[in-house]
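Q: Contents of my_file.txt (compact mmCIF, C-alpha atoms (C1' of nucleotides)):
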```txt
# COMPACT_ATOMS: atom_id res chain seq x y z
CA MET B 1 -72.08 -342.53 -178.23
CA ALA B 2 -73.48 -345.74 -176.91
CA GLN B 3 -73.22 -349.46 -177.13
CA THR B 4 -74.61 -351.45 -179.99
CA GLN B 5 -75.17 -354.98 -178.84
CA PRO B 6 -76.05 -355.01 -175.23
CA GLN B 7 -79.17 -354.72 -173.15
CA GLU B 8 -80.30 -351.12 -172.85
CA ARG B 9 -79.54 -348.91 -175.78
CA LEU B 10 -79.51 -345.29 -174.78
CA ILE B 11 -81.94 -342.83 -176.24
CA GLY B 12 -79.15 -341.29 -178.30
CA ALA B 13 -78.55 -344.48 -180.23
CA LEU B 14 -82.27 -345.05 -180.73
CA LEU B 15 -82.81 -341.55 -182.07
CA ARG B 16 -79.85 -341.94 -184.39
CA ILE B 17 -81.23 -345.14 -185.86
CA ALA B 18 -84.65 -343.64 -186.52
CA PHE B 19 -83.25 -340.38 -187.86
CA GLN B 20 -80.84 -342.10 -190.19
CA ALA B 21 -83.66 -344.24 -191.50
CA THR B 22 -85.49 -341.08 -192.56
CA VAL B 23 -82.38 -339.72 -194.22
CA GLU B 24 -81.84 -342.98 -196.06
CA ARG B 25 -85.40 -343.08 -197.28
CA VAL B 26 -85.18 -339.54 -198.60
CA ARG B 27 -81.93 -340.34 -200.39
CA GLU B 28 -83.47 -343.40 -201.99
CA ARG B 29 -86.59 -341.66 -203.20
CA LEU B 30 -84.61 -338.71 -204.52
CA ALA B 31 -82.31 -341.09 -206.38
CA ASP B 32 -85.34 -342.97 -207.76
CA ALA B 33 -86.68 -339.65 -209.03
CA GLY B 34 -83.39 -338.85 -210.73
CA TYR B 35 -81.96 -336.39 -208.23
CA THR B 36 -78.51 -337.89 -208.06
CA ASP B 37 -76.48 -334.74 -207.67
CA LEU B 38 -77.31 -334.08 -204.02
CA THR B 39 -75.42 -334.84 -200.85
CA MET B 40 -76.27 -334.78 -197.16
CA ALA B 41 -74.84 -331.31 -196.83
CA HIS B 42 -77.31 -329.91 -199.33
CA PHE B 43 -80.20 -331.21 -197.26
CA SER B 44 -79.41 -328.73 -194.55
CA VAL B 45 -79.97 -325.91 -197.02
CA PHE B 46 -83.45 -327.03 -198.04
CA GLN B 47 -84.28 -328.00 -194.49
CA HIS B 48 -83.88 -324.46 -193.25
CA LEU B 49 -85.20 -322.56 -196.24
CA PRO B 50 -88.52 -320.93 -195.35
CA PRO B 51 -91.16 -320.14 -197.96
CA GLY B 52 -90.19 -316.83 -199.47
CA GLY B 53 -86.50 -317.50 -199.16
CA ALA B 54 -83.80 -316.36 -196.79
CA ARG B 55 -80.38 -314.74 -196.72
CA VAL B 56 -77.21 -316.78 -196.79
CA THR B 57 -76.25 -315.56 -193.34
CA THR B 58 -79.60 -316.58 -191.88
CA LEU B 59 -79.40 -320.01 -193.44
CA ALA B 60 -75.89 -320.43 -192.10
CA MET B 61 -76.98 -319.58 -188.57
CA LYS B 62 -79.89 -322.02 -188.66
CA ALA B 63 -77.75 -324.78 -190.09
CA GLN B 64 -74.98 -323.96 -187.64
CA ILE B 65 -72.24 -323.61 -190.20
CA THR B 66 -70.24 -320.56 -191.29
CA LYS B 67 -71.62 -318.21 -193.89
CA GLN B 68 -68.72 -319.12 -196.16
CA SER B 69 -69.68 -322.79 -196.08
CA MET B 70 -73.35 -322.02 -196.66
CA SER B 71 -72.41 -319.71 -199.48
CA ALA B 72 -70.53 -322.53 -201.20
CA LEU B 73 -73.47 -324.93 -200.83
CA VAL B 74 -75.91 -322.37 -202.18
CA GLU B 75 -73.63 -321.62 -205.10
CA HIS B 76 -73.52 -325.28 -205.99
CA LEU B 77 -77.30 -325.69 -205.77
CA GLU B 78 -77.75 -322.53 -207.79
CA ARG B 79 -75.57 -323.91 -210.58
CA GLN B 80 -77.68 -327.09 -210.55
CA GLY B 81 -80.82 -325.03 -210.89
CA TYR B 82 -82.46 -325.77 -207.54
CA LEU B 83 -82.04 -322.32 -206.06
CA GLU B 84 -81.77 -318.76 -207.24
CA ARG B 85 -80.50 -315.59 -205.63
CA ARG B 86 -82.11 -312.25 -206.16
CA PRO B 87 -81.00 -308.97 -204.66
CA ASP B 88 -82.71 -308.07 -201.43
CA PRO B 89 -84.83 -305.04 -202.24
CA GLY B 90 -84.43 -303.53 -198.78
CA ASP B 91 -80.68 -304.00 -198.32
CA ARG B 92 -78.18 -303.57 -201.09
CA ARG B 93 -75.55 -305.68 -199.35
CA ALA B 94 -77.79 -308.69 -199.18
CA SER B 95 -79.46 -311.14 -201.51
CA VAL B 96 -82.27 -313.58 -200.95
CA VAL B 97 -81.90 -317.27 -201.71
CA ASP B 98 -85.05 -319.07 -202.80
CA LEU B 99 -86.24 -322.25 -204.48
CA THR B 100 -86.74 -322.43 -208.23
CA ALA B 101 -89.55 -324.55 -209.64
CA ARG B 102 -87.05 -327.40 -209.91
CA GLY B 103 -86.18 -326.87 -206.27
CA GLU B 104 -89.82 -326.95 -205.23
CA ALA B 105 -90.27 -330.24 -207.08
CA LEU B 106 -87.31 -331.70 -205.24
CA VAL B 107 -88.63 -330.66 -201.86
CA GLN B 108 -91.97 -332.27 -202.69
CA VAL B 109 -90.27 -335.57 -203.46
CA ALA B 110 -88.34 -335.38 -200.19
CA ARG B 111 -91.44 -334.61 -198.15
CA GLY B 112 -93.27 -337.45 -199.87
CA ALA B 113 -90.51 -339.85 -198.92
CA ILE B 114 -90.79 -338.99 -195.25
CA GLU B 115 -94.57 -339.17 -195.31
CA GLU B 116 -94.30 -342.60 -196.87
CA LEU B 117 -92.00 -343.78 -194.10
CA GLU B 118 -94.26 -342.25 -191.51
CA ARG B 119 -97.18 -344.27 -192.88
CA GLU B 120 -95.12 -347.45 -192.69
CA TRP B 121 -94.22 -346.74 -189.10
CA ALA B 122 -97.83 -345.99 -188.22
CA GLU B 123 -98.80 -349.34 -189.68
CA HIS B 124 -96.25 -351.08 -187.51
CA LEU B 125 -96.89 -349.14 -184.30
CA GLY B 126 -100.57 -348.44 -184.65
CA ASP B 127 -102.00 -344.97 -185.09
CA GLU B 128 -102.16 -344.23 -181.40
CA ARG B 129 -98.51 -344.86 -180.58
CA MET B 130 -97.46 -343.07 -183.75
CA GLU B 131 -99.40 -340.01 -182.69
CA GLN B 132 -97.91 -340.23 -179.19
CA LEU B 133 -94.45 -340.37 -180.73
CA ARG B 134 -95.10 -337.33 -182.89
CA SER B 135 -96.51 -335.31 -180.04
CA THR B 136 -93.72 -336.27 -177.63
CA LEU B 137 -91.07 -335.36 -180.18
CA ARG B 138 -92.83 -332.06 -180.82
CA ASP B 139 -92.71 -331.30 -177.10
CA LEU B 140 -89.03 -332.17 -176.93
CA ALA B 141 -88.29 -330.06 -179.99
CA ARG B 142 -89.98 -327.13 -178.31
CA LEU B 143 -87.99 -327.69 -175.12
CA ILE B 144 -84.71 -327.95 -177.01
CA GLU B 145 -85.31 -324.88 -179.10
CA GLN B 146 -86.28 -322.90 -176.06
CA GLN B 147 -83.09 -323.92 -174.26
CA GLN B 148 -81.01 -323.03 -177.29
CA GLY B 149 -82.66 -319.64 -177.35
CA THR B 150 -81.75 -318.91 -173.74
CA ALA B 151 -78.42 -320.70 -173.33
CA PRO B 152 -75.92 -318.74 -175.48
CA MET Y 1 -85.80 -332.48 -195.56
CA ALA Y 2 -88.76 -330.54 -194.29
CA GLN Y 3 -89.98 -327.10 -193.46
CA THR Y 4 -88.84 -325.20 -190.44
CA GLN Y 5 -91.40 -322.58 -189.59
CA PRO Y 6 -94.74 -323.77 -190.62
CA GLN Y 7 -97.52 -325.90 -189.21
CA GLU Y 8 -96.66 -329.57 -189.21
CA ARG Y 9 -93.03 -330.47 -188.94
CA LEU Y 10 -92.39 -333.89 -190.36
CA ILE Y 11 -91.09 -336.68 -188.20
CA GLY Y 12 -87.71 -336.42 -189.94
CA ALA Y 13 -87.15 -332.89 -188.70
CA LEU Y 14 -88.33 -333.75 -185.20
CA LEU Y 15 -85.99 -336.71 -184.96
CA ARG Y 16 -83.12 -334.62 -186.22
CA ILE Y 17 -83.67 -331.98 -183.55
CA ALA Y 18 -83.77 -334.52 -180.74
CA PHE Y 19 -80.83 -336.50 -182.07
CA GLN Y 20 -78.68 -333.42 -182.53
CA ALA Y 21 -79.48 -332.35 -179.01
CA THR Y 22 -77.99 -335.62 -177.75
CA VAL Y 23 -74.90 -335.15 -179.88
CA GLU Y 24 -74.46 -331.61 -178.63
CA ARG Y 25 -74.79 -332.65 -175.01
CA VAL Y 26 -72.18 -335.37 -175.45
CA ARG Y 27 -69.80 -332.92 -177.10
CA GLU Y 28 -70.27 -330.44 -174.28
CA ARG Y 29 -69.71 -332.95 -171.51
CA LEU Y 30 -66.69 -334.43 -173.25
CA ALA Y 31 -65.23 -330.96 -173.66
CA ASP Y 32 -65.97 -330.20 -169.99
CA ALA Y 33 -64.08 -333.34 -169.05
CA GLY Y 34 -61.10 -332.31 -171.15
CA TYR Y 35 -61.65 -334.49 -174.19
CA THR Y 36 -61.09 -331.81 -176.76
CA ASP Y 37 -59.38 -333.86 -179.43
CA LEU Y 38 -62.48 -335.63 -180.71
CA THR Y 39 -64.71 -334.93 -183.67
CA MET Y 40 -68.09 -336.20 -184.79
CA ALA Y 41 -66.46 -338.77 -187.00
CA HIS Y 42 -64.74 -340.42 -184.06
CA PHE Y 43 -68.09 -340.95 -182.37
CA SER Y 44 -69.06 -343.48 -184.98
CA VAL Y 45 -66.08 -345.60 -184.00
CA PHE Y 46 -66.99 -345.80 -180.32
CA GLN Y 47 -70.66 -346.15 -181.15
CA HIS Y 48 -70.13 -349.37 -183.00
CA LEU Y 49 -67.38 -350.89 -180.89
CA PRO Y 50 -68.72 -353.88 -178.97
CA PRO Y 51 -67.20 -355.03 -175.68
CA GLY Y 52 -64.25 -357.18 -176.57
CA GLY Y 53 -63.39 -355.15 -179.64
CA ALA Y 54 -63.90 -355.62 -183.35
CA ARG Y 55 -62.02 -355.63 -186.61
CA VAL Y 56 -61.60 -352.53 -188.70
CA THR Y 57 -63.63 -354.04 -191.51
CA THR Y 58 -66.51 -354.87 -189.19
CA LEU Y 59 -66.51 -351.38 -187.74
CA ALA Y 60 -66.46 -349.92 -191.22
CA MET Y 61 -69.47 -351.95 -192.26
CA LYS Y 62 -71.48 -350.97 -189.21
CA ALA Y 63 -70.59 -347.31 -189.59
CA GLN Y 64 -71.27 -347.49 -193.33
CA ILE Y 65 -67.94 -346.09 -194.42
CA THR Y 66 -65.04 -347.70 -196.27
CA LYS Y 67 -62.46 -349.67 -194.37
CA GLN Y 68 -59.82 -347.17 -195.43
CA SER Y 69 -61.75 -344.34 -193.81
CA MET Y 70 -62.35 -346.35 -190.67
CA SER Y 71 -58.72 -347.35 -190.62
CA ALA Y 72 -57.70 -343.68 -190.62
CA LEU Y 73 -60.07 -342.86 -187.76
CA VAL Y 74 -58.85 -345.78 -185.70
CA GLU Y 75 -55.24 -344.81 -186.34
CA HIS Y 76 -55.95 -341.33 -185.06
CA LEU Y 77 -57.69 -342.58 -181.94
CA GLU Y 78 -54.90 -345.07 -181.38
CA ARG Y 79 -52.31 -342.30 -181.45
CA GLN Y 80 -54.39 -340.38 -178.92
CA GLY Y 81 -54.45 -343.43 -176.68
CA TYR Y 82 -58.17 -344.24 -176.76
CA LEU Y 83 -57.87 -347.46 -178.74
CA GLU Y 84 -55.35 -350.19 -179.26
CA ARG Y 85 -54.96 -352.86 -181.91
CA ARG Y 86 -53.78 -356.34 -181.16
CA PRO Y 87 -53.30 -359.14 -183.66
CA ASP Y 88 -56.29 -361.41 -184.06
CA PRO Y 89 -55.15 -364.76 -182.70
CA GLY Y 90 -57.31 -366.73 -185.14
CA ASP Y 91 -56.45 -364.85 -188.32
CA ARG Y 92 -53.03 -363.49 -189.15
CA ARG Y 93 -54.41 -361.01 -191.67
CA ALA Y 94 -56.57 -359.32 -189.10
CA SER Y 95 -56.25 -357.31 -185.94
CA VAL Y 96 -58.72 -356.47 -183.24
CA VAL Y 97 -59.43 -352.87 -182.26
CA ASP Y 98 -60.44 -352.34 -178.65
CA LEU Y 99 -60.76 -349.62 -176.02
CA THR Y 100 -57.87 -348.77 -173.72
CA ALA Y 101 -58.59 -347.71 -170.14
CA ARG Y 102 -58.55 -344.11 -171.37
CA GLY Y 103 -61.07 -345.10 -174.05
CA GLU Y 104 -63.34 -346.76 -171.48
CA ALA Y 105 -63.27 -343.62 -169.39
CA LEU Y 106 -64.28 -341.55 -172.38
CA VAL Y 107 -67.20 -343.82 -173.21
CA GLN Y 108 -68.39 -343.56 -169.62
CA VAL Y 109 -68.42 -339.78 -169.82
CA ALA Y 110 -70.38 -339.95 -173.07
CA ARG Y 111 -72.93 -342.38 -171.67
CA GLY Y 112 -73.27 -340.20 -168.59
CA ALA Y 113 -74.01 -337.18 -170.76
CA ILE Y 114 -76.84 -338.96 -172.52
CA GLU Y 115 -78.26 -340.30 -169.27
CA GLU Y 116 -78.22 -336.78 -167.89
CA LEU Y 117 -80.17 -335.49 -170.87
CA GLU Y 118 -82.55 -338.39 -170.62
CA ARG Y 119 -83.32 -337.44 -167.01
CA GLU Y 120 -83.98 -333.84 -168.04
CA TRP Y 121 -86.36 -334.99 -170.71
CA ALA Y 122 -88.12 -337.32 -168.29
CA GLU Y 123 -88.60 -334.40 -165.95
CA HIS Y 124 -90.19 -332.36 -168.72
CA LEU Y 125 -92.33 -335.11 -170.21
CA GLY Y 126 -93.13 -337.14 -167.13
CA ASP Y 127 -91.89 -340.66 -166.58
CA GLU Y 128 -94.75 -342.28 -168.38
CA ARG Y 129 -94.35 -340.45 -171.69
CA MET Y 130 -90.58 -340.85 -171.46
CA GLU Y 131 -90.96 -344.58 -171.11
CA GLN Y 132 -93.43 -344.65 -174.00
CA LEU Y 133 -90.92 -342.76 -176.12
CA ARG Y 134 -88.14 -345.18 -175.30
CA SER Y 135 -90.24 -348.22 -175.99
CA THR Y 136 -91.62 -346.85 -179.25
CA LEU Y 137 -88.13 -345.97 -180.46
CA ARG Y 138 -86.93 -349.43 -179.50
CA ASP Y 139 -89.71 -350.95 -181.59
CA LEU Y 140 -88.84 -348.75 -184.53
CA ALA Y 141 -85.15 -349.57 -184.20
CA ARG Y 142 -86.01 -353.24 -184.32
CA LEU Y 143 -88.20 -352.72 -187.39
CA ILE Y 144 -85.51 -350.72 -189.16
CA GLU Y 145 -82.73 -353.16 -188.40
CA GLN Y 146 -84.86 -356.05 -189.53
CA GLN Y 147 -85.61 -354.31 -192.84
CA GLN Y 148 -81.95 -353.51 -193.35
CA GLY Y 149 -81.17 -357.17 -192.79
CA THR Y 150 -83.59 -358.32 -195.48
CA ALA Y 151 -83.43 -355.50 -198.00
CA PRO Y 152 -79.91 -355.67 -199.51
C1' DC L 1 -70.90 -287.92 -190.19
C1' DA L 2 -67.46 -291.20 -187.74
C1' DG L 3 -67.43 -295.67 -185.94
C1' DA L 4 -69.32 -300.04 -185.34
C1' DT L 5 -72.07 -303.74 -187.27
C1' DT L 6 -73.71 -306.67 -190.84
C1' DG L 7 -73.94 -309.31 -195.49
C1' DG L 8 -71.07 -311.41 -198.28
C1' DT L 9 -66.64 -312.83 -200.80
C1' DC L 10 -61.74 -314.42 -201.30
C1' DA L 11 -57.83 -317.22 -200.11
C1' DG L 12 -55.90 -320.87 -197.78
C1' DT L 13 -56.11 -325.02 -194.73
C1' DC L 14 -57.79 -329.36 -192.70
C1' DT L 15 -60.58 -333.54 -192.08
C1' DA L 16 -62.96 -337.23 -193.49
C1' DG L 17 -64.85 -339.19 -196.86
C1' DC L 18 -64.10 -341.65 -201.70
C1' DT L 19 -61.73 -344.77 -205.56
C1' DT L 20 -58.23 -347.64 -207.42
C1' DA L 21 -54.54 -350.58 -206.71
C1' DC L 22 -51.85 -353.57 -204.02
C1' DT L 23 -50.00 -357.34 -200.41
C1' DA L 24 -50.72 -361.12 -197.39
C1' DT L 25 -53.43 -364.59 -195.61
C1' DA L 26 -57.45 -367.80 -195.71
C1' DT L 27 -60.91 -370.68 -197.71
C1' DA L 28 -63.07 -373.53 -201.42
C1' DG L 29 -63.31 -376.45 -205.44
C1' DT L 30 -61.74 -379.44 -207.80
C1' DA W 1 -52.47 -380.81 -202.90
C1' DC W 2 -53.08 -376.75 -205.84
C1' DT W 3 -55.07 -373.40 -207.86
C1' DA W 4 -58.75 -369.80 -207.66
C1' DT W 5 -61.22 -366.75 -205.23
C1' DA W 6 -62.36 -364.11 -201.21
C1' DT W 7 -61.10 -361.33 -197.24
C1' DA W 8 -58.20 -358.07 -193.97
C1' DG W 9 -55.80 -354.38 -194.31
C1' DT W 10 -52.60 -350.65 -196.36
C1' DA W 11 -51.07 -347.04 -199.84
C1' DA W 12 -51.72 -343.15 -202.76
C1' DG W 13 -54.18 -339.62 -204.55
C1' DC W 14 -58.67 -336.98 -205.12
C1' DT W 15 -62.82 -334.19 -203.59
C1' DA W 16 -66.40 -332.07 -200.71
C1' DG W 17 -67.36 -329.53 -197.17
C1' DA W 18 -66.15 -327.68 -193.16
C1' DC W 19 -63.01 -323.98 -190.82
C1' DT W 20 -60.26 -319.32 -189.95
C1' DG W 21 -58.66 -314.78 -191.13
C1' DA W 22 -58.72 -310.83 -193.96
C1' DC W 23 -61.31 -307.95 -196.50
C1' DC W 24 -65.03 -304.82 -198.98
C1' DA W 25 -69.31 -302.52 -199.26
C1' DA W 26 -73.52 -301.14 -197.36
C1' DT W 27 -76.08 -300.05 -193.29
C1' DC W 28 -77.13 -298.54 -188.77
C1' DT W 29 -76.09 -295.74 -184.56
C1' DG W 30 -74.42 -292.33 -181.31
```
For this file, produce the structure as structure tokens.
A:
Amino acid sequence: MAQTQPQERLIGALLRIAFQATVERVRERLADAGYTDLTMAHFSVFQHLPPGGARVTTLAMKAQITKQSMSALVEHLERQGYLERRPDPGDRRASVVDLTARGEALVQVARGAIEELEREWAEHLGDERMEQLRSTLRDLARLIEQQQGTAP
Amino acid sequence: MAQTQPQERLIGALLRIAFQATVERVRERLADAGYTDLTMAHFSVFQHLPPGGARVTTLAMKAQITKQSMSALVEHLERQGYLERRPDPGDRRASVVDLTARGEALVQVARGAIEELEREWAEHLGDERMEQLRSTLRDLARLIEQQQGTAP
DNA sequence: CAGATTGGTCAGTCTAGCTTACTATATAGT
DNA sequence: ACTATATAGTAAGCTAGACTGACCAATCTG
């Protein structure tokens, strides 16, 4: 929540602009590559899916939505062939959600899109400022995650 | 779209974490101050509302949603007393949406929340890196907005 | 082994988007 | 001056994706 026009835009607005640019780029490149059946909401599934897969409940916690909502998203992506569920060998209540080959391919396209944008930014800012940006954001991410861990 | 755990998190993920932290802080402080009737979607109205107000269609364009959707959001916020519409003197088709006093107060709380977070970050990073971050993000915002202006 | 916790589903609701279709006013091109 | 087109906004109806509450089955714990 900030002003658009005037003098000093707050950090919130600036972060939003940069973040949304990355989202837009990913959407474009995915569309170019023929992945037209994906929405913003699905991103949060892939974003939090570690190599080896994860349970629905875990994904839901990381994405900060209910397990019911995550379950619906996963179901959709499973029907489209990006994910698969297999029973969890160690717990008969649970199942593990993981990428299919098609899902892996999609994630590669998405990563490529962000790397492309990152190169463009580096060209504009220069390598040094780009590296400063990355390292500062990494520090902030660490701070934020640490606070989230202790706060609740 | 990126990985969570491993080595190098892409800039997209880092920006998302920082941006969402700002959104969370604003939500918290608004809730603390008794503004409990607001959702994420309403933020995009205030975010794009310049001093002096704007038309529904203009707001919709800036927020990248349809005018019908924006119209519904504005209607809601009008009923809650944050916004008011007055006829546009120069165009009898149009009306101008603007903040009420209650709306101004809300925006001040939101700005305060971000400034608070910004101070915390400055404390963690040091003033110099904080200022570098701000200035780099400003440069990127300019780059992005310029590209959006030329691309379509 | 009884009771509490955890993984997940089912059913129902709400919000915030979308499209398509429409009215009223404004602007432009003869 | 008059028609054609464009623009501001509303209306109606649909869908995706979020939520809560209730529930079942498996697991863990005292």
Q: Produce a table with one row for each residue of chain Y that has an atom at most 10 Å from any atom of chain L, each row naming the nearest atom pair and its distance in Å at one decimal; use only C-alpha atoms (C1' of nucleotides); arrange rows by chain and rising residue number; format as a tab-separated table.
A:
```
residue	atom	partner	partner_atom	distance
Y:Thr39	CA	L:DT15	C1'	9.5
Y:Ala41	CA	L:DA16	C1'	7.5
Y:Ile65	CA	L:DG17	C1'	7.9
Y:Thr66	CA	L:DC18	C1'	8.2
Y:Gln68	CA	L:DC18	C1'	9.4
Y:Ser69	CA	L:DG17	C1'	6.7
Y:Met70	CA	L:DA16	C1'	9.6
Y:Ala72	CA	L:DA16	C1'	8.8
Y:Leu73	CA	L:DA16	C1'	8.5
Y:Asp91	CA	L:DT25	C1'	7.9
Y:Arg92	CA	L:DT25	C1'	6.6
Y:Arg93	CA	L:DT25	C1'	5.4
Y:Ala94	CA	L:DT25	C1'	8.9
```
Q: Check every residue of chain W for an atom within 9 Å of chain Y, counting only C-alpha atoms (C1' of nucleotides), and provide those that qualify as a list in words.
A: DT7, DA8, DG9 and DT10 of chain W
Q: As an exercise, work out the distance from atom CA of Pro87 of chain Y to atom CA of Pro50 of chain Y in Å and give it to one decimal place.
A: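 Going from atom CA of Pro87 of chain Y over to atom CA of Pro50 of chain Y, I get 17.0 Å.
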Q: Using all atoms listed in the file and a distance of at most 7 Å, pull out the residues of chain Y that contact chain B, as number ranges by chain.
A: Y: 1-5, 11-12, 14-19, 22, 43, 46-48, 50, 110-111, 114, 133-134, 137-138, 140-141
Q: Between atom CA of Glu120 of chain B and atom CA of Gln146 of chain Y, measure the distance and give it in Å to one decimal.
A: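 Result for atom CA of Glu120 of chain B versus atom CA of Gln146 of chain Y: 13.8 Å, one decimal.
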Q: In Å, with one decimal, what is the gap from atom CA of Leu30 of chain Y to atom CA of Glu104 of chain Y?
A: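 Computing the Euclidean distance for atom CA of Leu30 of chain Y and atom CA of Glu104 of chain Y yields 12.9 Å.
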Q: Around all of segment 4-11 of chain W's listed atoms, make the axis-aligned box with 4 Å on each side and tell me centre and edge lengths in Å to one decimal, as lines of an AutoDock Vina configuration file.
A:
```
center_x = -56.7
center_y = -358.4
center_z = -200.8
size_x = 19.3
size_y = 30.8
size_z = 21.7
```
Q: Find, counting all atoms listed in the file, the residue in B:Val96, B:Gly103, B:Glu24, B:Glu123 that gets nearest to Thr58 of chain B.
A: B:Val96
Q: Quick one: of Y:Ala54, Y:Leu59, Y:Gln64, Y:Asp98, who's nearest to Glu78 of chain Y, counting all atoms listed in the file?
A: Y:Asp98
